[in-house]
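Chemist: For reference, the file my_file14.txt (compact mmCIF, C-alpha atoms and all ligand atoms) is included below:
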# COMPACT_ATOMS: atom_id res chain seq x y z
CA MET A 1 128.95 75.73 -154.20
CA ASN A 2 131.00 77.17 -157.07
CA GLU A 3 134.80 76.97 -156.49
CA THR A 4 135.19 80.78 -156.68
CA LYS A 5 132.47 81.26 -154.06
CA LYS A 6 133.93 78.78 -151.54
CA ALA A 7 135.00 80.43 -148.29
CA LEU A 8 138.73 81.09 -148.28
CA LEU A 9 138.64 82.36 -144.71
CA GLU A 10 135.99 81.39 -142.18
CA VAL A 11 135.90 83.03 -138.76
CA ARG A 12 133.40 81.54 -136.33
CA ASP A 13 132.43 83.05 -132.97
CA LEU A 14 135.86 84.61 -132.49
CA SER A 15 136.50 86.18 -129.10
CA VAL A 16 139.66 87.85 -127.83
CA VAL A 17 139.94 88.80 -124.16
CA PHE A 18 143.00 90.64 -122.86
CA ALA A 19 144.06 90.31 -119.22
CA SER A 20 144.41 93.70 -117.54
CA ALA A 21 147.45 94.74 -115.56
CA GLY A 22 146.64 95.22 -111.87
CA ARG A 23 144.95 92.92 -109.42
CA TRP A 24 141.52 94.56 -109.35
CA ARG A 25 141.19 95.38 -113.03
CA LYS A 26 138.76 93.31 -115.08
CA PRO A 27 139.87 91.56 -118.30
CA VAL A 28 139.02 93.53 -121.46
CA THR A 29 136.89 91.86 -124.14
CA ALA A 30 138.24 93.25 -127.42
CA VAL A 31 136.37 90.88 -129.74
CA ASN A 32 133.11 89.23 -128.75
CA GLY A 33 131.73 86.34 -130.85
CA VAL A 34 132.54 87.67 -134.33
CA SER A 35 131.74 85.46 -137.36
CA PHE A 36 132.30 86.10 -141.07
CA GLU A 37 133.47 84.46 -144.27
CA ILE A 38 135.57 85.73 -147.17
CA ALA A 39 135.30 83.98 -150.55
CA ARG A 40 138.14 83.79 -153.09
CA GLY A 41 138.46 87.13 -154.87
CA GLU A 42 136.15 88.86 -152.39
CA THR A 43 136.96 91.90 -150.23
CA LEU A 44 135.35 92.27 -146.83
CA GLY A 45 135.70 95.65 -145.14
CA ILE A 46 135.69 95.80 -141.34
CA VAL A 47 134.77 99.26 -140.13
CA GLY A 48 134.52 100.79 -136.69
CA GLU A 49 135.82 103.56 -134.48
CA SER A 50 139.14 103.42 -132.76
CA GLY A 51 138.98 100.78 -130.00
CA SER A 52 136.10 98.89 -131.66
CA GLY A 53 138.18 95.70 -131.94
CA LYS A 54 138.48 95.76 -135.74
CA SER A 55 142.29 95.59 -135.81
CA THR A 56 142.29 92.89 -133.12
CA ILE A 57 140.19 90.72 -135.46
CA ALA A 58 142.81 91.19 -138.20
CA ARG A 59 145.65 90.48 -135.78
CA ALA A 60 143.94 87.29 -134.58
CA VAL A 61 143.67 86.04 -138.18
CA LEU A 62 147.37 86.82 -138.62
CA GLY A 63 148.24 84.88 -135.44
CA LEU A 64 149.51 88.02 -133.68
CA VAL A 65 147.00 87.74 -130.83
CA ARG A 66 145.67 84.54 -129.31
CA PRO A 67 141.91 83.96 -129.56
CA SER A 68 140.11 83.23 -126.29
CA ALA A 69 137.34 81.31 -128.08
CA GLY A 70 136.06 80.52 -131.56
CA GLN A 71 137.61 79.03 -134.66
CA MET A 72 139.38 80.31 -137.78
CA LEU A 73 139.68 78.21 -140.94
CA PHE A 74 141.91 79.25 -143.84
CA GLU A 75 141.54 77.19 -147.03
CA GLY A 76 139.80 74.63 -144.82
CA GLN A 77 142.75 74.36 -142.38
CA ASP A 78 142.16 75.20 -138.74
CA ILE A 79 144.58 78.05 -137.94
CA THR A 80 143.00 79.12 -134.64
CA TYR A 81 146.00 78.10 -132.55
CA ALA A 82 148.46 77.43 -135.40
CA GLY A 83 152.03 76.91 -134.22
CA HIS A 84 155.14 78.42 -135.77
CA ARG A 85 155.52 75.75 -138.46
CA GLN A 86 151.87 75.86 -139.60
CA ARG A 87 151.96 79.69 -139.64
CA ARG A 88 155.06 79.63 -141.86
CA LYS A 89 153.18 77.45 -144.37
CA VAL A 90 150.11 79.70 -144.23
CA ALA A 91 152.31 82.82 -144.69
CA ALA A 92 152.73 81.94 -148.37
CA ASP A 93 149.01 82.48 -148.91
CA LEU A 94 148.21 85.13 -146.31
CA SER A 95 149.97 88.51 -146.49
CA VAL A 96 149.57 91.79 -144.65
CA VAL A 97 149.83 95.52 -145.24
CA PHE A 98 150.11 97.41 -141.95
CA GLN A 99 148.95 100.91 -141.13
CA ASP A 100 152.26 102.68 -140.68
CA PRO A 101 154.47 102.70 -143.78
CA TYR A 102 157.24 104.38 -141.75
CA SER A 103 157.76 101.61 -139.18
CA SER A 104 156.76 98.58 -141.29
CA LEU A 105 159.85 98.76 -143.58
CA ASN A 106 163.36 98.07 -142.24
CA PRO A 107 165.26 101.37 -142.80
CA ALA A 108 168.61 99.56 -143.09
CA LEU A 109 167.59 97.44 -146.10
CA SER A 110 167.28 98.48 -149.74
CA ILE A 111 163.86 98.03 -151.36
CA GLY A 112 165.26 95.17 -153.46
CA THR A 113 166.34 93.34 -150.28
CA ILE A 114 163.01 94.04 -148.54
CA LEU A 115 161.14 92.52 -151.49
CA ALA A 116 163.56 89.59 -151.79
CA GLU A 117 163.14 88.52 -148.14
CA PRO A 118 159.70 86.83 -148.48
CA LEU A 119 160.84 85.20 -151.74
CA ILE A 120 163.98 83.78 -150.12
CA ALA A 121 161.80 82.44 -147.28
CA GLN A 122 159.73 80.67 -149.96
CA LYS A 123 162.97 79.27 -151.50
CA VAL A 124 162.40 81.06 -154.84
CA ASN A 125 165.60 80.92 -156.92
CA ARG A 126 167.67 84.08 -157.51
CA ASP A 127 166.79 84.67 -161.19
CA THR A 128 163.06 84.17 -160.64
CA ALA A 129 163.22 86.44 -157.58
CA ARG A 130 164.97 89.22 -159.54
CA GLU A 131 162.40 89.01 -162.32
CA ARG A 132 159.49 88.97 -159.87
CA ILE A 133 160.82 91.98 -157.92
CA GLY A 134 161.08 94.01 -161.15
CA LYS A 135 157.46 93.17 -161.98
CA LEU A 136 156.25 93.94 -158.45
CA ILE A 137 157.86 97.39 -158.55
CA ALA A 138 156.11 98.08 -161.87
CA ASP A 139 152.79 96.68 -160.60
CA VAL A 140 152.69 99.17 -157.71
CA GLY A 141 153.67 102.11 -159.93
CA LEU A 142 157.26 102.79 -158.74
CA PRO A 143 160.27 103.49 -161.00
CA PRO A 144 162.61 100.54 -161.72
CA ASP A 145 165.58 102.13 -159.88
CA SER A 146 163.55 101.98 -156.60
CA ILE A 147 165.10 98.59 -155.80
CA HIS A 148 168.50 100.23 -155.13
CA ARG A 149 167.08 102.90 -152.82
CA PHE A 150 166.20 102.88 -149.10
CA PRO A 151 162.84 103.51 -147.35
CA ARG A 152 163.93 106.97 -146.11
CA GLN A 153 164.16 108.12 -149.74
CA PHE A 154 160.42 107.60 -150.30
CA SER A 155 157.28 109.49 -149.25
CA GLY A 156 154.57 107.87 -147.07
CA GLY A 157 152.45 106.94 -150.10
CA GLN A 158 155.44 105.43 -151.92
CA ARG A 159 156.40 103.44 -148.83
CA GLN A 160 152.88 102.04 -148.68
CA ARG A 161 153.28 101.02 -152.35
CA ILE A 162 156.46 99.17 -151.33
CA ALA A 163 154.58 97.48 -148.46
CA ILE A 164 151.90 96.40 -150.96
CA ALA A 165 154.58 95.03 -153.31
CA ARG A 166 156.07 93.06 -150.40
CA ALA A 167 152.61 91.66 -149.55
CA LEU A 168 152.18 90.59 -153.19
CA ALA A 169 155.63 89.00 -153.47
CA VAL A 170 154.55 85.56 -152.27
CA GLU A 171 151.49 85.56 -154.56
CA PRO A 172 149.00 85.26 -151.67
CA SER A 173 145.34 84.42 -152.02
CA LEU A 174 144.35 86.77 -149.15
CA ILE A 175 145.83 90.13 -148.10
CA ILE A 176 144.95 91.65 -144.76
CA CYS A 177 145.07 95.45 -144.96
CA ASP A 178 145.07 96.88 -141.44
CA GLU A 179 144.17 100.58 -141.80
CA PRO A 180 146.49 100.85 -144.83
CA VAL A 181 145.66 104.49 -145.62
CA SER A 182 144.90 106.12 -142.28
CA ALA A 183 148.49 107.37 -141.80
CA LEU A 184 148.51 109.03 -145.25
CA ASP A 185 147.40 112.45 -146.53
CA LEU A 186 143.86 112.56 -147.96
CA SER A 187 145.10 113.04 -151.55
CA ILE A 188 147.39 109.98 -151.29
CA GLN A 189 144.71 107.83 -149.62
CA ALA A 190 142.65 107.75 -152.83
CA GLN A 191 145.69 106.66 -154.88
CA ILE A 192 146.49 103.77 -152.53
CA VAL A 193 142.84 102.65 -152.33
CA ASN A 194 142.65 102.67 -156.15
CA LEU A 195 145.92 100.73 -156.37
CA LEU A 196 144.60 98.08 -153.94
CA ALA A 197 141.35 97.77 -155.91
CA ASP A 198 143.28 97.40 -159.21
CA ILE A 199 145.62 94.81 -157.75
CA ARG A 200 142.71 92.88 -156.23
CA ASP A 201 141.03 92.69 -159.64
CA GLU A 202 144.18 91.94 -161.61
CA PHE A 203 145.35 89.11 -159.35
CA GLY A 204 141.92 87.87 -158.22
CA LEU A 205 142.91 88.42 -154.58
CA ALA A 206 140.69 88.28 -151.53
CA MET A 207 141.15 91.06 -148.96
CA LEU A 208 140.22 91.80 -145.39
CA PHE A 209 140.27 95.59 -145.36
CA VAL A 210 140.19 97.24 -141.93
CA ALA A 211 139.39 100.96 -141.71
CA HIS A 212 137.49 103.52 -139.66
CA ASP A 213 135.97 105.34 -142.64
CA LEU A 214 132.98 103.86 -144.48
CA SER A 215 133.60 106.12 -147.49
CA ILE A 216 137.03 104.56 -148.04
CA VAL A 217 135.85 100.99 -147.53
CA ARG A 218 133.04 101.32 -150.07
CA HIS A 219 135.63 101.96 -152.81
CA VAL A 220 137.44 98.68 -152.25
CA ALA A 221 135.10 96.26 -150.42
CA HIS A 222 132.31 94.08 -151.79
CA ARG A 223 130.78 93.62 -148.33
CA THR A 224 131.24 95.54 -145.09
CA ALA A 225 130.98 94.43 -141.46
CA VAL A 226 130.43 97.29 -139.01
CA VAL A 227 131.98 96.55 -135.62
CA PHE A 228 131.27 98.24 -132.28
CA HIS A 229 132.67 97.17 -128.88
CA GLY A 230 134.04 93.98 -130.44
CA SER A 231 130.74 92.80 -131.97
CA VAL A 232 129.34 92.94 -135.51
CA MET A 233 126.43 95.42 -135.64
CA GLU A 234 125.65 95.15 -139.35
CA VAL A 235 127.01 93.19 -142.30
CA GLY A 236 125.99 93.54 -145.94
CA PRO A 237 126.91 94.98 -149.35
CA ALA A 238 129.43 97.84 -148.97
CA GLU A 239 127.45 100.28 -151.14
CA GLN A 240 124.25 99.67 -149.19
CA ILE A 241 125.90 100.12 -145.80
CA TYR A 242 127.46 103.39 -146.97
CA GLY A 243 124.39 104.76 -148.78
CA ASN A 244 121.51 103.25 -146.81
CA PRO A 245 122.76 101.96 -143.44
CA LEU A 246 120.24 100.23 -141.18
CA HIS A 247 121.86 99.93 -137.74
CA PRO A 248 121.88 103.22 -135.79
CA TYR A 249 125.68 102.90 -135.34
CA SER A 250 126.20 102.42 -139.09
CA VAL A 251 124.05 105.54 -139.59
CA ALA A 252 126.41 107.44 -137.27
CA LEU A 253 129.51 106.16 -139.10
CA SER A 254 128.00 107.02 -142.47
CA ALA A 255 127.19 110.54 -141.21
CA ALA A 256 130.84 110.90 -140.13
CA ALA A 257 132.16 110.18 -143.63
CA LEU A 258 133.16 113.23 -145.69
CA VAL A 259 131.15 113.92 -148.87
CA PRO A 260 131.96 116.48 -151.60
CA ASP A 261 128.44 118.06 -151.54
CA PRO A 262 128.34 120.90 -148.90
CA LYS A 263 124.53 120.68 -148.44
CA LEU A 264 124.66 116.92 -147.87
CA GLN A 265 127.68 117.39 -145.61
CA ARG A 266 125.67 119.92 -143.47
CA GLU A 267 122.79 117.43 -143.16
CA ARG A 268 125.19 114.66 -142.16
CA ARG A 269 126.84 116.91 -139.57
CA ARG A 270 123.40 117.68 -138.08
CA ALA A 271 122.56 113.97 -137.91
CA ARG A 272 125.90 113.24 -136.28
CA SER A 273 125.54 115.98 -133.66
CA GLY A 274 122.08 114.57 -132.83
CA LEU A 275 123.70 111.24 -132.04
CA SER A 276 126.44 112.69 -129.86
CA ARG A 277 123.83 114.74 -127.89
CA THR A 278 122.14 111.53 -126.78
CA PRO A 279 121.85 112.00 -123.00
CA ALA A 280 122.54 108.60 -121.38
CA GLN A 281 126.24 107.99 -121.00
CA GLN A 282 126.22 104.69 -119.15
CA THR A 283 127.50 101.68 -121.01
CA PRO A 284 125.76 98.35 -120.41
CA THR A 285 127.89 95.47 -119.21
CA ALA A 286 129.37 93.20 -121.85
CA THR A 287 126.83 90.46 -121.27
CA THR A 288 123.58 92.43 -121.02
CA GLY A 289 121.98 94.96 -123.28
CA CYS A 290 122.94 96.46 -126.60
CA PRO A 291 126.53 97.73 -126.67
CA PHE A 292 125.36 100.87 -128.53
CA TRP A 293 122.55 101.58 -126.09
CA SER A 294 124.08 104.64 -124.40
CA ARG A 295 124.50 106.50 -127.74
CA CYS A 296 121.47 105.26 -129.62
CA PRO A 297 118.68 107.74 -130.48
CA GLU A 298 116.31 104.82 -131.18
CA ARG A 299 116.80 102.93 -127.94
CA MET A 300 113.89 101.23 -126.18
CA SER A 301 113.62 99.87 -122.65
CA LYS A 302 114.55 96.30 -123.68
CA CYS A 303 117.77 97.59 -125.34
CA GLU A 304 119.26 98.17 -121.90
CA THR A 305 118.86 94.60 -120.73
CA VAL A 306 118.54 92.32 -123.80
CA ARG A 307 121.52 91.99 -126.12
CA PRO A 308 120.43 91.90 -129.77
CA THR A 309 121.80 89.14 -132.03
CA LEU A 310 122.40 89.37 -135.79
CA VAL A 311 119.10 89.04 -137.66
CA ARG A 312 118.30 89.10 -141.35
CA ALA A 313 117.00 92.58 -142.22
CA THR A 314 117.09 92.26 -146.03
CA ASN A 315 118.16 89.52 -148.47
CA GLU A 316 121.80 90.53 -148.16
CA THR A 317 122.04 92.42 -144.88
CA SER A 318 122.06 91.28 -141.26
CA VAL A 319 121.73 93.66 -138.32
CA ALA A 320 122.16 93.27 -134.54
CA CYS A 321 119.36 95.57 -133.39
CA HIS A 322 115.93 95.08 -131.80
CA LEU A 323 114.42 97.25 -134.54
CA TYR A 324 114.88 94.42 -137.06
CA GLY A 325 113.48 90.99 -138.08
CA GLU A 326 114.15 87.36 -137.43
CA LYS A 327 117.24 85.60 -136.04
CA VAL A 328 119.82 84.63 -138.71
FE1 LIG A 401 119.56 101.14 -130.60
FE2 LIG A 401 118.21 99.29 -129.29
FE3 LIG A 401 119.01 98.86 -131.78
FE4 LIG A 401 120.79 98.93 -129.82
S1 LIG A 401 119.14 97.42 -130.07
S2 LIG A 401 120.98 99.89 -131.79
S3 LIG A 401 119.91 100.52 -128.51
S4 LIG A 401 117.53 100.37 -131.09
Would you kindly transcribe this structure into structure tokens?
Ligand code: SF4
Modeler:
Amino acid sequence: MNETKKALLEVRDLSVVFASAGRWRKPVTAVNGVSFEIARGETLGIVGESGSGKSTIARAVLGLVRPSAGQMLFEGQDITYAGHRQRRKVAADLSVVFQDPYSSLNPALSIGTILAEPLIAQKVNRDTARERIGKLIADVGLPPDSIHRFPRQFSGGQRQRIAIARALAVEPSLIICDEPVSALDLSIQAQIVNLLADIRDEFGLAMLFVAHDLSIVRHVAHRTAVVFHGSVMEVGPAEQIYGNPLHPYSVALSAAALVPDPKLQRERRRARSGLSRTPAQQTPTATTGCPFWSRCPERMSKCETVRPTLVRATNETSVACHLYGEKV
């Protein structure tokens, strides 16, 4: 395997189960046997509705939630249950941009100090740090005097640029972007997505890009994994999953994405309303049946009792649905 194609991050059969408060409440399975790889320089989008488990996957990779099963390898190192010391070492190569640019920056610190913090933690000397901060500010498109100002003096989009600069400060090989544009206005979202795509290309970064909107993910991701109820429903090239989705849930997500053509938008709305009119509302248990069964217009009798596994549907796409091919 070519060095650039080697997996930087490997996630194998990851599961995360949260205990529920209250004696009679059942534990909640947020992530259920998810596997994927990200190569150096590659961006994988993880897309799903709210509550699909997509952010929990990102948080597990970051060590913010404890996996219940599975394994995560970063640059070949097992980080599944990494302790504080191992996480500190990994932090130099694995950065994050969170969803909310208002709460992710310390309001009491100047932008210069916020950007210096990760460099100080990496023991970068003062002169190099000053030079690097100046370059970071320019790289994310902010004026040089930004380093003397405070987060409250910036708009949401500018704050997200600062968060991106902070993520870049340690020169990581992988950035995890957890819904980085969903708290921003539509017009600003495009700017931040373009900035992330430019930065990815300029620095040869890999990204795990979590979002609920397929139309945003297709602009930045090479491949997309569509997640529903904690499981991967479809994984393949981002453009194909946006333009020609195979799994009925991916079809629903694609229909929910906004398009600039009113006629196409009307057709998509019709398709979407057809899905939401699906009569059965029961949800199969976690261990039996297809998780999408209650909303699926294509469901068959076996869908209620036999859980589909990921199968190869085309050369590049795998789908967890009884409508498709052989086991992967
Ligand atoms: Fe629909 Fe059945 Fe496929 Fe699930 S397995 S998505 S219910 S057709």
Chemist: For ligand LIG 401 (chain A), which residue among A:Lys26, A:Lys302, A:His222, A:Arg159 is the nearest when counting all atoms listed in the file?
Modeler: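 Selected residue with least distance to ligand LIG 401 (chain A): A:Lys302.
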Chemist: List the spatial neighbours of Ile199 (chain A) as a list in words - criterion: any atom at most 12 Å away, only C-alpha atoms, same-chain residues fewer than 6 positions off excluded.
Modeler: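 With the cut-off at 12 Å, the set is Gly41, Thr43, Leu136, Ala138, Asp139, Val140, Gly141, Arg161, Ile164, Ala165, Ala167, Leu168, Glu171, Pro172, Ser173, Leu174, Ile175, Ile192, Val193, Leu205, Ala206, Met207 and Val220 of chain A.
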Chemist: Quick one, how far is CA of Thr305 (chain A) from CA of Thr288 (chain A)?
Modeler: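 Taking CA of Thr305 (chain A) as the start and CA of Thr288 (chain A) as the end point, the length is 5.2 Å.
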Chemist: To one decimal in Å, tell me the separation between CA of Leu142 (chain A) and CA of Gln158 (chain A).
Modeler: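 Spanning CA of Leu142 (chain A) to CA of Gln158 (chain A) is a straight-line distance of 7.5 Å.
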Chemist: Can you pull out the residues contacting Asn106 (chain A)? Cut-off 10 Å, using all atoms listed in the file, and skip same-chain residues under 5 positions away; I want them as a VMD selection string.
Modeler: chain A and resid 111 113 to 114 150 to 152
Chemist: Around (153.0, 98.7, -146.2) in the file's frame, which residues reach within 9 Å when counting all atoms listed in the file? Return as a PyMOL selection string?
Modeler: chain A and resi 96-105+159-167+177+180
Chemist: Go through the chains and note each residue within 8 Å of ligand LIG 401 (chain A), using only C-alpha atoms and all ligand atoms, then give the set as a list in words.
Modeler: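 Taking only C-alpha atoms and all ligand atoms into account, the residues around ligand LIG 401 (chain A) at most 8 Å away are His247, Pro248, Tyr249, Gly289, Cys290, Pro291, Phe292, Trp293, Ser294, Arg295, Cys296, Pro297, Glu298, Arg299, Met300, Lys302, Cys303, Glu304, Arg307, Pro308, Ala320, Cys321, His322 and Leu323 of chain A.
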Chemist: Can you pull out every residue within 9 Å of Arg87 (chain A), counting all atoms listed in the file, but drop anything in the same chain fewer than 4 positions away, and send it as a PyMOL selection string?
Modeler: chain A and resi 62-63+79+82-83+91
Chemist: Save out the residues we just selected, C-alpha atoms, as an mmCIF file, keeping the file's coordinate frame.
Modeler:
data_model
loop_
_atom_site.group_PDB
_atom_site.id
_atom_site.type_symbol
_atom_site.label_atom_id
_atom_site.label_comp_id
_atom_site.auth_asym_id
_atom_site.auth_seq_id
_atom_site.Cartn_x
_atom_site.Cartn_y
_atom_site.Cartn_z
ATOM 1 C CA LEU A 62 147.370 86.820 -138.620
ATOM 2 C CA GLY A 63 148.240 84.880 -135.440
ATOM 3 C CA ILE A 79 144.580 78.050 -137.940
ATOM 4 C CA ALA A 82 148.460 77.430 -135.400
ATOM 5 C CA GLY A 83 152.030 76.910 -134.220
ATOM 6 C CA ALA A 91 152.310 82.820 -144.690
#
Chemist: Hey, can you check how far CA of Ile188 (chain A) sits from CA of Ile216 (chain A)?
Modeler: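 Distance between the two atoms: 12.1 Å.
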Chemist: Reconstruct N, CA, C and O atoms of region 92-104 of chain A from the incomplete input and present them as a CSV table (one decimal), in the frame of the given file.
Modeler:
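As written to disk, rebuild-v4.csv reads:
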chain,number,residue,atom,x,y,z
A,92,ALA,N,152.6,81.9,-146.9
A,92,ALA,CA,152.7,81.9,-148.4
A,92,ALA,C,151.4,82.4,-149.0
A,92,ALA,O,151.4,82.9,-150.1
A,93,ASP,N,150.3,82.2,-148.3
A,93,ASP,CA,149.0,82.5,-148.9
A,93,ASP,C,148.3,83.6,-148.2
A,93,ASP,O,147.2,84.1,-148.7
A,94,LEU,N,148.9,84.1,-147.1
A,94,LEU,CA,148.2,85.1,-146.3
A,94,LEU,C,149.2,86.2,-146.0
A,94,LEU,O,150.1,86.1,-145.2
A,95,SER,N,149.0,87.4,-146.7
A,95,SER,CA,150.0,88.5,-146.5
A,95,SER,C,149.3,89.7,-145.8
A,95,SER,O,148.1,89.6,-145.6
A,96,VAL,N,150.1,90.7,-145.4
A,96,VAL,CA,149.6,91.8,-144.6
A,96,VAL,C,150.2,93.1,-145.1
A,96,VAL,O,151.3,93.2,-145.5
A,97,VAL,N,149.3,94.1,-145.1
A,97,VAL,CA,149.8,95.5,-145.2
A,97,VAL,C,149.4,96.3,-144.0
A,97,VAL,O,148.2,96.4,-143.7
A,98,PHE,N,150.4,96.7,-143.2
A,98,PHE,CA,150.1,97.4,-142.0
A,98,PHE,C,149.8,98.9,-142.2
A,98,PHE,O,150.1,99.5,-143.2
A,99,GLN,N,149.4,99.5,-141.1
A,99,GLN,CA,149.0,100.9,-141.1
A,99,GLN,C,150.1,101.9,-141.4
A,99,GLN,O,150.0,102.8,-142.2
A,100,ASP,N,151.2,101.7,-140.7
A,100,ASP,CA,152.3,102.7,-140.7
A,100,ASP,C,153.4,102.3,-141.7
A,100,ASP,O,154.2,101.5,-141.4
A,101,PRO,N,153.4,103.0,-142.8
A,101,PRO,CA,154.5,102.7,-143.8
A,101,PRO,C,155.9,103.1,-143.3
A,101,PRO,O,156.9,102.8,-144.0
A,102,TYR,N,155.9,103.9,-142.2
A,102,TYR,CA,157.2,104.4,-141.8
A,102,TYR,C,157.9,103.3,-140.9
A,102,TYR,O,159.1,103.1,-140.9
A,103,SER,N,157.1,102.6,-140.1
A,103,SER,CA,157.8,101.6,-139.2
A,103,SER,C,157.7,100.2,-139.8
A,103,SER,O,158.3,99.3,-139.2
A,104,SER,N,156.9,100.0,-140.8
A,104,SER,CA,156.8,98.6,-141.3
A,104,SER,C,157.9,98.2,-142.3
A,104,SER,O,158.0,97.0,-142.6
